[in-house]
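Participant: Next up, target.cif (mmCIF, C-alpha atoms and all ligand atoms).
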data_entry
loop_
_atom_site.label_atom_id
_atom_site.label_comp_id
_atom_site.auth_asym_id
_atom_site.auth_seq_id
_atom_site.Cartn_x
_atom_site.Cartn_y
_atom_site.Cartn_z
CA MET A 1 122.70 123.95 76.25
CA GLU A 2 121.51 127.52 76.70
CA LYS A 3 118.16 128.59 78.11
CA ILE A 4 116.04 131.01 76.05
CA THR A 5 112.59 132.55 76.52
CA THR A 6 110.16 132.08 73.62
CA GLY A 7 107.37 134.35 72.33
CA ASP A 8 104.68 132.96 74.65
CA GLY A 9 106.91 133.47 77.71
CA SER A 10 107.77 129.78 78.08
CA GLU A 11 111.39 128.71 78.28
CA THR A 12 113.24 126.33 76.02
CA LEU A 13 116.84 125.36 75.34
CA PHE A 14 119.25 125.97 72.50
CA SER A 15 121.37 122.94 71.56
CA LEU A 16 124.99 123.89 70.98
CA LYS A 17 125.60 120.49 69.36
CA PHE A 18 122.78 120.78 66.79
CA GLN A 19 122.73 124.62 66.70
CA GLU A 20 118.92 124.56 66.94
CA THR A 21 116.34 125.41 69.59
CA TYR A 22 114.25 122.67 71.22
CA HIS A 23 111.05 124.52 70.30
CA SER A 24 109.82 127.23 67.99
CA LYS A 25 111.03 130.63 69.15
CA SER A 26 107.49 131.93 68.66
CA GLY A 27 106.26 129.90 71.65
CA ALA A 28 107.28 126.55 73.14
CA ILE A 29 104.00 125.71 74.88
CA GLU A 30 102.01 127.09 71.96
CA GLU A 31 103.94 124.79 69.62
CA ALA A 32 103.29 121.73 71.81
CA MET A 33 99.56 122.44 71.83
CA GLU A 34 99.00 123.65 68.27
CA LYS A 35 101.44 121.50 66.27
CA PHE A 36 101.26 118.25 68.25
CA VAL A 37 98.39 117.86 70.71
CA VAL A 38 95.57 119.42 68.66
CA PRO A 39 96.48 117.73 65.31
CA CYS A 40 96.71 114.35 67.08
CA LYS A 41 93.15 114.89 68.38
CA ILE A 42 94.20 114.10 71.93
CA ALA A 43 90.94 115.49 73.39
CA GLU A 44 88.99 113.00 71.29
CA LYS A 45 91.33 110.08 72.01
CA ALA A 46 91.02 110.82 75.75
CA LYS A 47 87.35 109.86 75.61
CA ASN A 48 88.46 106.22 75.32
CA GLN A 49 89.33 104.17 78.38
CA LYS A 50 93.02 104.31 77.47
CA ALA A 51 95.31 106.54 75.36
CA VAL A 52 98.78 105.45 74.27
CA LEU A 53 101.20 108.26 73.33
CA LEU A 54 104.54 107.89 71.53
CA ASP A 55 106.71 110.96 72.14
CA ILE A 56 109.69 110.73 69.78
CA CYS A 57 112.49 113.03 70.93
CA PHE A 58 110.94 113.68 74.32
CA GLY A 59 113.45 116.43 75.21
CA LEU A 60 111.92 118.68 77.85
CA GLY A 61 108.65 116.74 77.72
CA TYR A 62 106.42 119.67 76.79
CA ASN A 63 104.42 117.75 74.16
CA THR A 64 103.53 114.96 76.59
CA ALA A 65 102.88 117.42 79.44
CA VAL A 66 100.42 119.46 77.37
CA ALA A 67 98.78 116.23 76.16
CA LEU A 68 98.31 115.11 79.79
CA ASP A 69 96.60 118.42 80.60
CA VAL A 70 94.18 117.93 77.71
CA ILE A 71 93.52 114.29 78.63
CA LYS A 72 92.82 115.17 82.28
CA LYS A 73 90.45 117.95 81.25
CA ASN A 74 88.49 115.73 78.88
CA ASN A 75 88.48 112.47 80.85
CA PRO A 76 90.24 112.38 84.24
CA ASN A 77 89.70 108.59 84.33
CA CYS A 78 91.53 107.91 81.08
CA GLU A 79 94.43 105.54 81.58
CA VAL A 80 97.53 106.88 79.81
CA GLU A 81 100.57 104.96 78.62
CA ILE A 82 103.53 106.99 77.38
CA PHE A 83 106.49 105.78 75.36
CA ALA A 84 109.11 108.53 75.50
CA LEU A 85 112.19 108.19 73.25
CA GLU A 86 115.20 110.35 74.13
CA ASN A 87 118.93 109.66 73.97
CA ASP A 88 120.34 112.54 76.03
CA GLU A 89 120.34 112.25 79.83
CA GLU A 90 121.52 115.87 80.14
CA VAL A 91 118.32 117.25 78.65
CA LEU A 92 116.30 115.20 81.16
CA LYS A 93 118.32 116.70 84.01
CA ASN A 94 117.72 120.17 82.55
CA LEU A 95 113.98 119.48 82.43
CA LEU A 96 114.02 119.07 86.23
CA LEU A 97 115.12 122.71 86.56
CA LEU A 98 112.27 124.17 84.46
CA SER A 99 108.77 125.15 85.54
CA PRO A 100 106.71 125.98 82.45
CA LYS A 101 103.06 126.89 82.97
CA ILE A 102 101.74 123.41 82.17
CA GLU A 103 99.66 121.83 84.94
CA SER A 104 101.01 118.33 84.35
CA PHE A 105 104.65 119.41 84.28
CA PRO A 106 105.26 118.63 87.99
CA LEU A 107 104.05 115.08 87.22
CA ILE A 108 106.48 114.86 84.27
CA LYS A 109 109.28 116.01 86.58
CA LYS A 110 108.39 113.38 89.20
CA MET A 111 108.31 110.61 86.60
CA VAL A 112 111.57 111.68 84.94
CA SER A 113 113.26 112.07 88.31
CA GLU A 114 112.18 108.57 89.39
CA PHE A 115 113.26 107.17 86.03
CA LEU A 116 116.72 108.72 86.37
CA GLU A 117 117.10 107.00 89.76
CA THR A 118 115.69 103.59 88.83
CA LYS A 119 115.93 103.40 85.00
CA LYS A 120 112.60 101.56 85.13
CA THR A 121 109.03 102.15 83.99
CA VAL A 122 107.30 104.63 86.32
CA LYS A 123 103.63 104.51 87.34
CA LYS A 124 102.02 107.60 88.85
CA GLU A 125 98.32 108.37 89.16
CA ASN A 126 96.77 106.90 85.99
CA VAL A 127 99.95 107.28 83.92
CA THR A 128 102.44 104.58 82.94
CA PHE A 129 105.68 106.14 81.73
CA HIS A 130 108.26 104.16 79.74
CA LEU A 131 111.36 106.21 78.96
CA PHE A 132 113.86 104.72 76.50
CA LEU A 133 117.17 106.46 77.10
CA GLU A 134 118.89 105.41 73.87
CA ASP A 135 118.85 106.03 70.15
CA ALA A 136 115.26 106.28 68.93
CA LEU A 137 116.25 104.16 65.91
CA ASP A 138 116.68 101.25 68.35
CA SER A 139 113.89 101.93 70.85
CA ILE A 140 111.20 102.30 68.17
CA LYS A 141 111.72 98.60 67.37
CA LYS A 142 110.91 97.65 70.99
CA ILE A 143 107.39 99.07 70.97
CA GLU A 144 104.66 96.51 70.49
CA LYS A 145 103.01 96.63 67.07
CA ASN A 146 99.61 98.25 66.63
CA THR A 147 99.42 99.82 70.10
CA VAL A 148 99.94 103.58 69.76
CA ASP A 149 97.13 106.16 69.39
CA ALA A 150 99.18 109.32 68.80
CA VAL A 151 102.75 110.09 67.74
CA PHE A 152 104.58 113.34 68.44
CA LEU A 153 107.50 113.36 66.01
CA ASP A 154 109.85 116.11 67.20
CA PRO A 155 113.52 115.56 66.23
CA PHE A 156 115.87 118.37 65.31
CA SER A 157 115.55 119.35 61.64
CA PRO A 158 116.07 116.95 58.70
CA LYS A 159 119.23 118.91 57.85
CA VAL A 160 120.99 117.99 61.10
CA CYS A 161 119.18 114.74 62.05
CA PRO A 162 118.26 113.05 58.73
CA GLU A 163 118.13 109.52 60.18
CA LEU A 164 115.09 110.41 62.30
CA TRP A 165 113.17 111.52 59.20
CA SER A 166 114.00 108.49 57.04
CA GLN A 167 111.62 106.09 55.33
CA ALA A 168 113.02 103.17 57.37
CA PHE A 169 112.36 104.97 60.69
CA PHE A 170 108.87 106.00 59.58
CA GLU A 171 108.12 102.37 58.67
CA ASP A 172 109.00 101.34 62.22
CA ILE A 173 106.80 104.11 63.62
CA ARG A 174 103.92 103.01 61.38
CA LYS A 175 104.21 99.45 62.75
CA ALA A 176 103.77 100.70 66.32
CA MET A 177 100.66 102.70 65.41
CA LYS A 178 97.06 101.55 65.42
CA ASP A 179 95.34 101.98 62.04
CA ASN A 180 93.38 104.97 63.37
CA ALA A 181 96.36 106.61 65.07
CA ILE A 182 97.63 110.06 64.09
CA LEU A 183 101.20 111.36 63.72
CA ALA A 184 102.02 115.06 64.02
CA THR A 185 105.26 116.85 63.28
CA TYR A 186 106.33 120.48 62.90
CA SER A 187 108.16 119.95 59.60
CA CYS A 188 106.65 120.22 56.12
CA ALA A 189 109.94 119.52 54.32
CA ARG A 190 109.53 117.73 51.00
CA VAL A 191 111.79 114.87 52.10
CA VAL A 192 109.72 114.36 55.26
CA ARG A 193 106.43 114.13 53.38
CA ASP A 194 107.92 111.94 50.63
CA ASN A 195 109.37 109.54 53.21
CA LEU A 196 106.11 109.45 55.17
CA LYS A 197 104.21 108.55 52.01
CA ALA A 198 106.79 105.89 51.07
CA ALA A 199 106.40 104.43 54.58
CA GLY A 200 102.62 104.07 54.25
CA PHE A 201 101.15 107.36 55.43
CA ARG A 202 98.95 109.89 53.74
CA THR A 203 99.86 113.42 54.72
CA GLU A 204 97.93 116.62 55.26
CA ASP A 205 98.91 120.18 56.07
CA GLY A 206 98.86 120.87 59.79
CA PRO A 207 98.39 124.35 61.24
CA CYS A 208 100.70 127.30 60.43
CA VAL A 209 101.82 128.49 63.85
CA GLY A 210 104.61 131.01 64.34
CA ARG A 211 105.64 130.83 60.66
CA ARG A 212 104.10 130.80 57.20
CA ALA A 213 104.71 127.12 56.45
CA PRO A 214 102.30 124.47 57.72
CA SER A 215 103.22 121.52 59.90
CA THR A 216 102.43 117.95 58.79
CA ILE A 217 99.87 115.40 59.95
CA GLY A 218 100.31 111.75 58.96
CA TYR A 219 97.60 109.09 58.85
CA PRO A 220 98.36 105.41 58.25
CA ILE A 221 97.14 104.21 54.88
CA VAL A 222 94.87 101.28 55.62
CA HIS A 223 92.89 100.95 52.36
CA PRO A 224 94.18 101.82 48.85
CA SER A 225 91.49 104.54 48.62
CA ASP A 226 93.17 106.40 51.53
CA GLU A 227 96.10 107.04 49.22
CA LEU A 228 93.86 108.62 46.60
CA TYR A 229 92.51 110.92 49.29
CA THR A 230 96.04 112.27 49.81
CA GLU A 231 96.31 113.31 46.18
CA VAL A 232 92.99 115.17 46.33
CA ALA A 233 93.65 116.75 49.72
CA GLN A 234 96.97 118.33 48.76
C1 LIG B 1 113.67 119.38 69.08
S1 LIG B 1 114.21 118.56 70.51
C2 LIG B 1 112.70 117.88 71.15
C3 LIG B 1 111.86 118.80 71.97
C4 LIG B 1 110.88 118.08 72.83
N1 LIG B 1 109.89 117.36 72.09
C5 LIG B 1 110.29 118.96 73.89
O1 LIG B 1 109.08 119.12 73.98
O2 LIG B 1 111.09 119.49 74.67
C6 LIG B 1 114.95 117.09 69.86
C7 LIG B 1 115.35 116.06 70.90
O3 LIG B 1 115.79 114.90 70.21
C8 LIG B 1 116.81 114.28 70.97
N2 LIG B 1 117.53 113.37 70.06
C9 LIG B 1 118.42 113.69 69.08
N3 LIG B 1 118.82 112.59 68.43
C10 LIG B 1 118.17 111.53 69.00
C11 LIG B 1 118.18 110.13 68.77
N4 LIG B 1 118.91 109.59 67.79
N5 LIG B 1 117.39 109.35 69.54
C12 LIG B 1 116.62 109.89 70.53
N6 LIG B 1 116.58 111.22 70.78
C13 LIG B 1 117.34 112.03 70.04
C14 LIG B 1 117.61 115.45 71.48
O4 LIG B 1 118.39 115.09 72.61
C15 LIG B 1 116.49 116.45 71.82
O5 LIG B 1 116.09 116.31 73.15
#
Just give me the structure of the file as structure tokens.
Ligand SMILES: C[S@@+](CC[C@H](N)C(=O)[O-])C[C@H]1O[C@@H](n2cnc3c(N)ncnc32)[C@H](O)[C@@H]1O
Facilitator:
Amino acid sequence: MEKITTGDGSETLFSLKFQETYHSKSGAIEEAMEKFVVPCKIAEKAKNQKAVLLDICFGLGYNTAVALDVIKKNNPNCEVEIFALENDEEVLKNLLLLSPKIESFPLIKKMVSEFLETKKTVKKENVTFHLFLEDALDSIKKIEKNTVDAVFLDPFSPKVCPELWSQAFFEDIRKAMKDNAILATYSCARVVRDNLKAAGFRTEDGPCVGRRAPSTIGYPIVHPSDELYTEVAQ
């Protein structure tokens, strides 16, 4: 892994194995906020007593860290439960060496550090942190159905990691989500949107940040009329 500085001054890594960066080169923190936290309406979800986040491909933890900042700002009393799926211990160790300008990042470091020592769920302040250090295809099946409020879907691209963009995986994600939960991902690839739809989501364009193409927001289809809305919206 090589460290690189992105357009907003925040650091990310380049994966030699996947030949891709962990974040958009235009700005790692900007991407976490604009492509994941804002589309998932974290500020709104924080107004509830509890928010449950599913961070798929946790990596350096920027998406969760930015979400925690937004939750704290909007409701410091909100209880937060995080399910973080990541299969590479090395990236977690690398995270401990970074200090991006995200207020909650020191908390992420403490929780990851304690997890690496104990391999158990970590509780700090009002946050419960479950890290699954294994293939996300397996860990997604361990999350209780109908519990998650927001999903950050952030694997490497469909070209190099197709299994994490498959209909079968999306079906498992859908099962973990509440009916009013929101999924956000940076990709707008045709195969991603087709598989999301086949797995029971309607999709919408997310923001265009750092490139011309939009990201994607997925909403569980609960009533047949939700599906019609997709056709009109796109
Ligand atoms: C694009 S990076 C994620 C960036 C991350 N969300 C962040 O904010 O730093 C993709 C991550 O997926 C992880 N990964 C790749 N294949 C995986 C798998 N099958 N299961 C779980 N994690 C996986 C990689 O180790 C890497 O950390």
Participant: I need the residue nearest Val70 of chain A from this list: A:Leu92, A:Ala150, A:Met33, A:Leu107. Use only C-alpha atoms for the distance.
Facilitator: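 So, comparing all the options, the nearest one is A:Met33.
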Participant: Do you have the atom CA of Glu2 of chain A-atom N1 of ligand LIG 1 (chain B) distance handy?
Facilitator: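 Rounded to one decimal, the two atoms are 16.1 Å apart.
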Participant: Residues within 7 Å of ligand LIG 1 (chain B), counting only C-alpha atoms and all ligand atoms: report them as a list in words.
Facilitator: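 The distance check yields Thr21, Tyr22, His23, Ala32, Ile56, Cys57, Phe58, Gly59, Leu60, Gly61, Tyr62, Asn63, Leu85, Glu86, Asn87, Asp88, Val91, Glu134, Asp135, Ala136, Leu137, Asp154, Pro155, Phe156, Cys161 and Leu164 of chain A.
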Participant: So that I can see what lies close to Val151 of chain A, please list as a list in words the residues with an atom at most 7 Å from it, counting all atoms listed in the file and leaving out residues fewer than 5 positions away in the same chain.
Facilitator: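 In the requested format, the answer is Leu53, Leu54, Asp55, Ile182, Leu183 and Ala184 of chain A.
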Participant: Rank nothing, just name the residue among A:Lys41, A:Lys35, A:Lys3, A:Lys120 nearest to Leu98 of chain A, using only C-alpha atoms.
Facilitator: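 Among the listed residues, A:Lys3 lies closest to Leu98 of chain A.
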Participant: Identify which of the residues A:Ile29, A:Ala67, A:Val209, A:Ile217 lies closest to Leu153 of chain A, counting only C-alpha atoms when measuring atom-to-atom distances.
Facilitator: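 Of all the options, A:Ile217 lies closest to Leu153 of chain A.
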Participant: Between A:Lys45, A:Glu11, A:Pro224, A:Glu204, which is the closest to Ile102 of chain A once you count all atoms listed in the file?
Facilitator: A:Glu11
Participant: Can you tell me which residues surround Asp149 of chain A at a distance of at most 7 Å, considering all atoms listed in the file, apart from same-chain residues fewer than 4 positions away, and format the answer as an NGL selection string?
Facilitator: :A and (51-53 or 177-178 or 181-182)
Participant: Can you spit out the residues from that selection as an mmCIF file, in the frame of the given file, using C-alpha atoms?
Facilitator:
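Saved to selection_33.cif:
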data_model
loop_
_atom_site.group_PDB
_atom_site.id
_atom_site.type_symbol
_atom_site.label_atom_id
_atom_site.label_comp_id
_atom_site.auth_asym_id
_atom_site.auth_seq_id
_atom_site.Cartn_x
_atom_site.Cartn_y
_atom_site.Cartn_z
ATOM 1 C CA ALA A 51 95.310 106.540 75.360
ATOM 2 C CA VAL A 52 98.780 105.450 74.270
ATOM 3 C CA LEU A 53 101.200 108.260 73.330
ATOM 4 C CA MET A 177 100.660 102.700 65.410
ATOM 5 C CA LYS A 178 97.060 101.550 65.420
ATOM 6 C CA ALA A 181 96.360 106.610 65.070
ATOM 7 C CA ILE A 182 97.630 110.060 64.090
#
Participant: Check the smallest atom-to-atom distance from each of A:Val37, A:Ile140, A:Ala213, A:Leu95 to Ala189 of chain A using only C-alpha atoms, then report the winner.
Facilitator: A:Ala213
Participant: For a test of reading the model, state the distance in Å between atom CA of Thr216 of chain A and atom CA of Thr185 of chain A, rounded to one decimal.
Facilitator: 5.4 Å
Participant: Between atom CA of Asp226 of chain A and atom CA of Leu196 of chain A, what distance in Å does the model show, to one decimal?
Facilitator: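 Atom CA of Leu196 of chain A lies 13.8 Å from atom CA of Asp226 of chain A.
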Participant: For a quick check of understanding, using only C-alpha atoms, which of A:Glu163, A:Glu117, A:Glu171, A:Glu81 has the smallest distance to Val148 of chain A?
Facilitator: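 Ranked by minimum distance to Val148 of chain A, first place goes to A:Glu81.
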Participant: Would you kindly return, as a list in words, each protein, DNA or RNA residue with an atom no farther than 9 Å from any atom of Asn75 of chain A, considering all atoms listed in the file and excluding same-chain residues fewer than 2 positions away?
Facilitator: Ala43, Ala46, Lys47, Asn48, Gln49, Val70, Ile71, Lys72, Lys73, Asn77 and Cys78 of chain A
Participant: Taking all atoms of segment 10-21 of chain A that appear in the file, build a box with edges along x, y and z, extend it by 8 Å on every side, and state its centre and edge lengths in Å to one decimal, as AutoDock Vina command-line options.
Facilitator:
--center_x 116.7 --center_y 125.1 --center_z 72.5 --size_x 33.8 --size_y 25.3 --size_z 27.6
Participant: Show me, as a PyMOL selection string, the residues that have an atom within 8 Å of segment 221-223 of chain A when counting all atoms listed in the file, minus same-chain residues fewer than 2 positions from it.
Facilitator: chain A and resi 179+200-202+219+225-227
Participant: Write to file, as a short mmCIF file (atom, residue, chain, number, x, y, z; two decimals), in the frame of the given file, the residues of the selection just made, with C-alpha atoms.
Facilitator:
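Now in again.cif:
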data_model
loop_
_atom_site.label_atom_id
_atom_site.label_comp_id
_atom_site.auth_asym_id
_atom_site.auth_seq_id
_atom_site.Cartn_x
_atom_site.Cartn_y
_atom_site.Cartn_z
CA ASP A 179 95.34 101.98 62.04
CA GLY A 200 102.62 104.07 54.25
CA PHE A 201 101.15 107.36 55.43
CA ARG A 202 98.95 109.89 53.74
CA TYR A 219 97.60 109.09 58.85
CA SER A 225 91.49 104.54 48.62
CA ASP A 226 93.17 106.40 51.53
CA GLU A 227 96.10 107.04 49.22
#
